[in-house]
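**Q** Questions regarding the structure given below will be posed in turn.
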Amino acid sequence: MEPAWNPDWNAWPTNNNEAIRDALLGAYQDGSWGRYHGPNVEKLEATLATFHQVDHALTCASGTIAVQIALQGLNLPAGSEVLLAAYDFPGNFRAIQDVGLFPVLVDIDPKTWCIDPGQIEEAISEKSSAIIVSHLHGGIADMKQIREIADRHGLAIVEDACQSTGGRLNGKRLGSLGDVGVLSFGGSKLITAGRGGAILSNRADVMQRAKVFCERGNHAFPLSELQAAVLIPQWQTLEAANQTRLSNIKRLRAALHSFNGILAPVAWNALGEPAFYKHAWKCESTETARWLIANAQRDGVPLAEGFRGFTKRPASQARKVGRLKSAKDASEQTVILHHPVLLRDKEIVDRLAHWISEELEHQFPRP
Ligand SMILES: Cc1ncc(COP(=O)(O)O)c(C=O)c1O
């Protein structure tokens, strides 16, 4: 009998991609695999700019360093404050600190897992200089409202699209809506070279400073020619892959609809088209989240906890705005699905729905 869950279904990246093999062979044959400079990084940067409809793209070693480069590129006053969601990727907090700026924590919208635009204004002080906005776990931040607030207060926006590559809002690609956008090509990401990242911008001044920062010393944080070579073909298939993930997520959500009171799925932005690197649910309690994740781990099912968030950081490290209740809840009650299964056959997605339904029905028997 087949097991309830086969760990192979979680494998990423998949190893049957001929375009990647051709790219590797091409880099081998033309010698670019072993050079500091060659055609691949340049071509990838042009591809990124065209795909996102921005003027400039600059590749680098990771999404984490891309956030730091973005902040450097913005030339923010030393010691000034950068707002970010109190639930976000841990590296974003560190990136602010690493460039000599000070984090200010704003609560999230519990339905989208993204910074709550309604709470940004009260977080702004005379020292504020920028906001980091991450589209997380299938949620899309309200960029229109955030842009209006940022413009009113003269703040720059770093838009972190590491989890939402290829997604759209109002027809525009995520990552193209801030002053600087950030992408990751890490080993678990939708587009991967094992490691890697990029920044995107229409601002020539930002790009100029970012380049200077990148090229200090021995070009400290570059993407290699070999990495760029394997990334180029992935942009051609991203759109189709995102559509497959989207339809499988719709299928999964429909199958689990009757459990929404226990496991509430990330809200769908009517004007957006999410890209699912992760998909989040909020559990009705911390205990349920822990129990479900423990059972998933037992069975090899790709459900995991969310980020820890920053709500427990001391006042010496960050200024906190309000109670940050939704961020705290998210750090305890989030259950996340990792994306590879969303490119598998529908039957496997149905098995996942079945596994979750059975667990929940067992724990929460219906009258
Ligand atoms: C929202 C977000 N920002 C930034 C990063 C950092 O990317 P990298 O792993 O390439 O450093 C990640 C990685 O998961 C992320 O989820």
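Lettering and numbering for the structure tokens are positional, with chains as A, B, ... in the shown order, residues counted from 1 in each chain, and ligands counted from 1 in the shown order.
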Quick one: residues within 9 Å of ligand 1, with only C-alpha atoms and all ligand atoms, as a ChimeraX atom specification?
**A** /A:61-67,88-92,133-137,160-164,182-189,194-197,277
**Q** Output C-alpha atoms for every residue in the selection just made, as a tab-separated table (two decimals), in the first residue's frame.
**A**
```
chain	number	residue	atom	x	y	z
A	61	ALA	CA	24.41	36.69	-3.42
A	62	SER	CA	21.09	36.32	-1.53
A	63	GLY	CA	17.75	37.88	-0.73
A	64	THR	CA	19.06	38.78	2.71
A	65	ILE	CA	21.98	40.75	1.32
A	66	ALA	CA	19.64	42.24	-1.30
A	67	VAL	CA	17.58	43.84	1.49
A	88	ASP	CA	8.65	39.07	8.97
A	89	PHE	CA	11.72	37.22	7.75
A	90	PRO	CA	14.36	37.49	10.54
A	91	GLY	CA	17.06	38.66	8.13
A	92	ASN	CA	15.10	41.83	7.38
A	133	VAL	CA	7.04	45.73	3.05
A	134	SER	CA	7.11	41.94	2.59
A	135	HIS	CA	4.44	39.99	0.74
A	136	LEU	CA	4.31	36.88	2.90
A	137	HIS	CA	2.87	33.38	2.66
A	160	ASP	CA	10.35	42.39	-0.41
A	161	ALA	CA	9.02	39.99	-3.05
A	162	CYS	CA	11.27	37.07	-2.02
A	163	GLN	CA	8.17	34.98	-1.25
A	164	SER	CA	5.99	36.21	-4.09
A	182	VAL	CA	13.99	42.55	-3.51
A	183	LEU	CA	14.08	38.99	-4.84
A	184	SER	CA	15.63	35.75	-3.55
A	185	PHE	CA	16.93	32.80	-5.55
A	186	GLY	CA	17.69	30.66	-2.49
A	187	GLY	CA	17.47	26.87	-2.68
A	188	SER	CA	13.86	26.65	-1.52
A	189	LYS	CA	12.57	29.51	-3.66
A	194	GLY	CA	20.75	27.39	-4.53
A	195	ARG	CA	21.66	30.91	-3.42
A	196	GLY	CA	21.16	34.30	-4.94
A	197	GLY	CA	19.13	37.48	-4.94
A	277	TYR	CA	6.18	30.15	-2.25
```
**Q** So that I can check the surroundings of Pro265 in chain A, please list as a PDB file with N, CA and C atoms, in the first residue's frame every protein, DNA and RNA residue that reaches within 8 Å of it, counting only C-alpha atoms and ignoring chain neighbours fewer than 6 positions away.
**A**
```
ATOM      1  N   LYS A 111      -5.166  38.917   8.314  1.00  0.00           N
ATOM      2  CA  LYS A 111      -5.715  38.151   7.175  1.00  0.00           C
ATOM      3  C   LYS A 111      -4.703  37.995   6.042  1.00  0.00           C
ATOM      4  N   ARG A 253      -7.871  24.832  -1.167  1.00  0.00           N
ATOM      5  CA  ARG A 253      -8.699  25.694  -0.315  1.00  0.00           C
ATOM      6  C   ARG A 253     -10.172  25.313  -0.416  1.00  0.00           C
ATOM      7  N   HIS A 279       2.040  28.899   1.526  1.00  0.00           N
ATOM      8  CA  HIS A 279       0.645  29.290   1.735  1.00  0.00           C
ATOM      9  C   HIS A 279       0.374  29.163   3.224  1.00  0.00           C
ATOM     10  N   ALA A 280      -0.228  30.210   3.801  1.00  0.00           N
ATOM     11  CA  ALA A 280      -0.452  30.202   5.256  1.00  0.00           C
ATOM     12  C   ALA A 280      -1.917  29.988   5.627  1.00  0.00           C
ATOM     13  N   TRP A 281      -2.088  29.311   6.752  1.00  0.00           N
ATOM     14  CA  TRP A 281      -3.365  29.271   7.455  1.00  0.00           C
ATOM     15  C   TRP A 281      -3.121  29.750   8.880  1.00  0.00           C
ATOM     16  N   LYS A 282      -4.151  30.364   9.436  1.00  0.00           N
ATOM     17  CA  LYS A 282      -4.055  30.703  10.856  1.00  0.00           C
ATOM     18  C   LYS A 282      -4.940  29.732  11.626  1.00  0.00           C
TER      19      LYS A 282
END
```
**Q** Check the smallest atom-to-atom distance from each of A:Ser285, A:Asn202, A:Ser247, A:Asn260 to Gly175 in chain A using only C-alpha atoms, then report the winner.
**A**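 Going through A:Ser285, A:Asn202, A:Ser247, A:Asn260 one by one, the smallest distance to Gly175 in chain A is for A:Asn202.
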**Q** Report the distance between CA of His153 in chain A and CA of Arg94 in chain A in Å, rounded to one decimal place.
**A**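 Distance between the two atoms: 24.1 Å.
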**Q** Using DSSP on the backbone coordinates, identify the residues of range 279-363 of chain A assigned to strand (DSSP E or B); present them as a VMD selection string.
**A** chain A and resid 279 to 283 303 to 305 319 to 320 334 to 338
**Q** Report the distance between CA of Thr237 in chain A and CA of Pro7 in chain A in Å, rounded to one decimal place.
**A**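 Taking CA of Thr237 in chain A as the start and CA of Pro7 in chain A as the end point, the length is 24.5 Å.
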**Q** What's the 9 Å shell around range 21-35 of chain A, counting only C-alpha atoms, without same-chain residues fewer than 6 positions away, as a list in words?
**A**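 Surrounding residues, per the criterion: Ser224, Glu225, Leu226, Gln227, Ala229, Val230, Leu231, Ile232 and Pro233 of chain A.
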**Q** Taking N, CA and C atoms for each residue, export the selection above as a CSV table (one decimal), in the first residue's frame.
**A**
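Just written: out28.csv:
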```
chain,number,residue,atom,x,y,z
A,224,SER,N,27.1,34.4,-9.2
A,224,SER,CA,28.1,33.9,-10.1
A,224,SER,C,27.5,33.8,-11.5
A,225,GLU,N,28.4,33.7,-12.5
A,225,GLU,CA,28.0,33.4,-13.9
A,225,GLU,C,27.2,32.1,-14.0
A,226,LEU,N,27.7,31.1,-13.2
A,226,LEU,CA,27.1,29.8,-13.3
A,226,LEU,C,25.6,29.9,-12.7
A,227,GLN,N,25.5,30.6,-11.6
A,227,GLN,CA,24.2,30.7,-11.0
A,227,GLN,C,23.2,31.5,-12.0
A,229,ALA,N,23.4,31.6,-15.1
A,229,ALA,CA,23.1,30.7,-16.3
A,229,ALA,C,21.9,29.9,-16.0
A,230,VAL,N,21.8,29.3,-14.8
A,230,VAL,CA,20.6,28.4,-14.5
A,230,VAL,C,19.4,29.2,-14.2
A,231,LEU,N,19.5,30.5,-13.8
A,231,LEU,CA,18.4,31.3,-13.4
A,231,LEU,C,17.6,31.8,-14.7
A,232,ILE,N,18.4,32.0,-15.7
A,232,ILE,CA,17.8,32.7,-16.9
A,232,ILE,C,16.6,31.9,-17.5
A,233,PRO,N,16.7,30.5,-17.7
A,233,PRO,CA,15.6,29.8,-18.3
A,233,PRO,C,14.4,29.7,-17.3
```
**Q** With only C-alpha atoms as the basis for distance, which of A:Phe364, A:Trp291, A:Trp268, A:Phe93 is at the shortest distance from Ile140 in chain A?
**A** A:Trp268
**Q** Find the spatial neighbours of range 9-17 of chain A, counting only C-alpha atoms, within a cut-off of 9 Å - ignore same-chain residues fewer than 5 positions away - and output them as a PyMOL selection string.
**A** chain A and resi 22+187-190+192+300-302+338-341+344+348
**Q** Please produce a file of those selected residues containing N, CA, C and O atoms, as a short mmCIF file (atom, residue, chain, number, x, y, z; two decimals), in the first residue's frame.
**A**
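After the write, part.cif holds the following:
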```cif
data_model
loop_
_atom_site.label_atom_id
_atom_site.label_comp_id
_atom_site.auth_asym_id
_atom_site.auth_seq_id
_atom_site.Cartn_x
_atom_site.Cartn_y
_atom_site.Cartn_z
N ASP A 22 20.60 22.29 -20.23
CA ASP A 22 21.18 23.00 -21.38
C ASP A 22 21.97 24.23 -20.92
O ASP A 22 23.03 24.54 -21.46
N GLY A 187 17.74 28.25 -2.28
CA GLY A 187 17.47 26.87 -2.68
C GLY A 187 16.04 26.41 -2.53
O GLY A 187 15.63 25.43 -3.17
N SER A 188 15.25 27.07 -1.69
CA SER A 188 13.86 26.65 -1.52
C SER A 188 12.91 27.50 -2.37
O SER A 188 11.71 27.23 -2.40
N LYS A 189 13.45 28.51 -3.05
CA LYS A 189 12.57 29.51 -3.66
C LYS A 189 11.98 29.07 -5.01
O LYS A 189 12.42 28.09 -5.60
N LEU A 190 10.98 29.82 -5.48
CA LEU A 190 10.28 29.48 -6.72
C LEU A 190 11.24 29.51 -7.91
O LEU A 190 11.09 28.75 -8.87
N THR A 192 15.31 29.31 -8.42
CA THR A 192 16.44 29.00 -7.54
C THR A 192 17.76 28.72 -8.27
O THR A 192 17.78 28.12 -9.34
N GLY A 300 5.70 13.29 7.43
CA GLY A 300 6.46 13.84 6.29
C GLY A 300 5.66 14.80 5.42
O GLY A 300 6.06 15.12 4.29
N VAL A 301 4.52 15.26 5.92
CA VAL A 301 3.66 16.19 5.16
C VAL A 301 4.27 17.60 5.28
O VAL A 301 4.67 18.01 6.37
N PRO A 302 4.34 18.36 4.17
CA PRO A 302 5.10 19.62 4.18
C PRO A 302 4.37 20.80 4.82
O PRO A 302 4.18 21.84 4.20
N HIS A 338 4.64 24.41 2.24
CA HIS A 338 5.75 24.73 1.35
C HIS A 338 5.35 24.33 -0.09
O HIS A 338 4.69 23.33 -0.30
N HIS A 339 5.81 25.09 -1.08
CA HIS A 339 5.24 25.07 -2.43
C HIS A 339 5.43 23.83 -3.30
O HIS A 339 4.57 23.59 -4.18
N PRO A 340 6.51 23.01 -3.18
CA PRO A 340 6.74 22.02 -4.24
C PRO A 340 5.54 21.13 -4.58
O PRO A 340 5.31 20.81 -5.75
N VAL A 341 4.75 20.78 -3.57
CA VAL A 341 3.60 19.91 -3.82
C VAL A 341 2.59 20.56 -4.77
O VAL A 341 1.83 19.87 -5.46
N ARG A 344 2.71 19.35 -8.30
CA ARG A 344 2.47 17.92 -8.53
C ARG A 344 1.07 17.72 -9.12
O ARG A 344 0.28 18.65 -9.21
N ILE A 348 -2.26 14.34 -5.93
CA ILE A 348 -1.39 14.52 -4.76
C ILE A 348 -1.89 15.70 -3.92
O ILE A 348 -1.90 15.66 -2.69
#
```
**Q** Would you mind telling me which residue in A:Glu305, A:Leu263, A:Thr59, A:Gly272 lies nearest to Thr47 in chain A when using only C-alpha atoms?
**A** A:Thr59
**Q** With a distance cut-off of 9 Å and only C-alpha atoms, select the neighbouring residues of range 248-252 of chain A, excluding the residue or stretch itself and same-chain residues fewer than 3 positions from it, and output the selection as a ChimeraX atom specification.
**A** /A:243-245,255-257,276,279,341-346,349-350,352-353
**Q** Find the residues near Pro103 in chain A: any atom within 6 Å, counting only C-alpha atoms, skip ones fewer than 2 places away on the same chain, and give them as a tab-separated table (two decimals) with all heavy atoms, in the first residue's frame.
**A**
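Saved as part-v1.tsv:
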```tsv
chain	number	residue	atom	x	y	z
A	81	GLU	N	15.10	55.61	11.40
A	81	GLU	CA	14.24	54.45	11.69
A	81	GLU	C	13.67	53.83	10.42
A	81	GLU	O	13.25	54.56	9.51
A	81	GLU	CB	13.07	54.88	12.56
A	81	GLU	CG	13.48	55.31	13.96
A	81	GLU	CD	12.28	55.73	14.79
A	81	GLU	OE1	11.22	56.04	14.22
A	81	GLU	OE2	12.42	55.76	16.02
A	82	VAL	N	13.64	52.52	10.40
A	82	VAL	CA	13.00	51.80	9.30
A	82	VAL	C	11.85	50.98	9.87
A	82	VAL	O	12.04	50.15	10.78
A	82	VAL	CB	14.00	50.88	8.57
A	82	VAL	CG1	13.30	50.07	7.48
A	82	VAL	CG2	15.14	51.70	7.97
A	83	LEU	N	10.65	51.21	9.35
A	83	LEU	CA	9.48	50.46	9.80
A	83	LEU	C	9.46	49.10	9.11
A	83	LEU	O	9.79	48.99	7.92
A	83	LEU	CB	8.20	51.21	9.42
A	83	LEU	CG	7.74	52.39	10.28
A	83	LEU	CD1	8.82	53.44	10.42
A	83	LEU	CD2	6.47	53.01	9.72
A	318	ALA	N	14.50	47.63	19.22
A	318	ALA	CA	13.43	48.06	18.30
A	318	ALA	C	12.39	48.88	19.04
A	318	ALA	O	12.14	48.64	20.22
A	318	ALA	CB	12.77	46.84	17.68
```
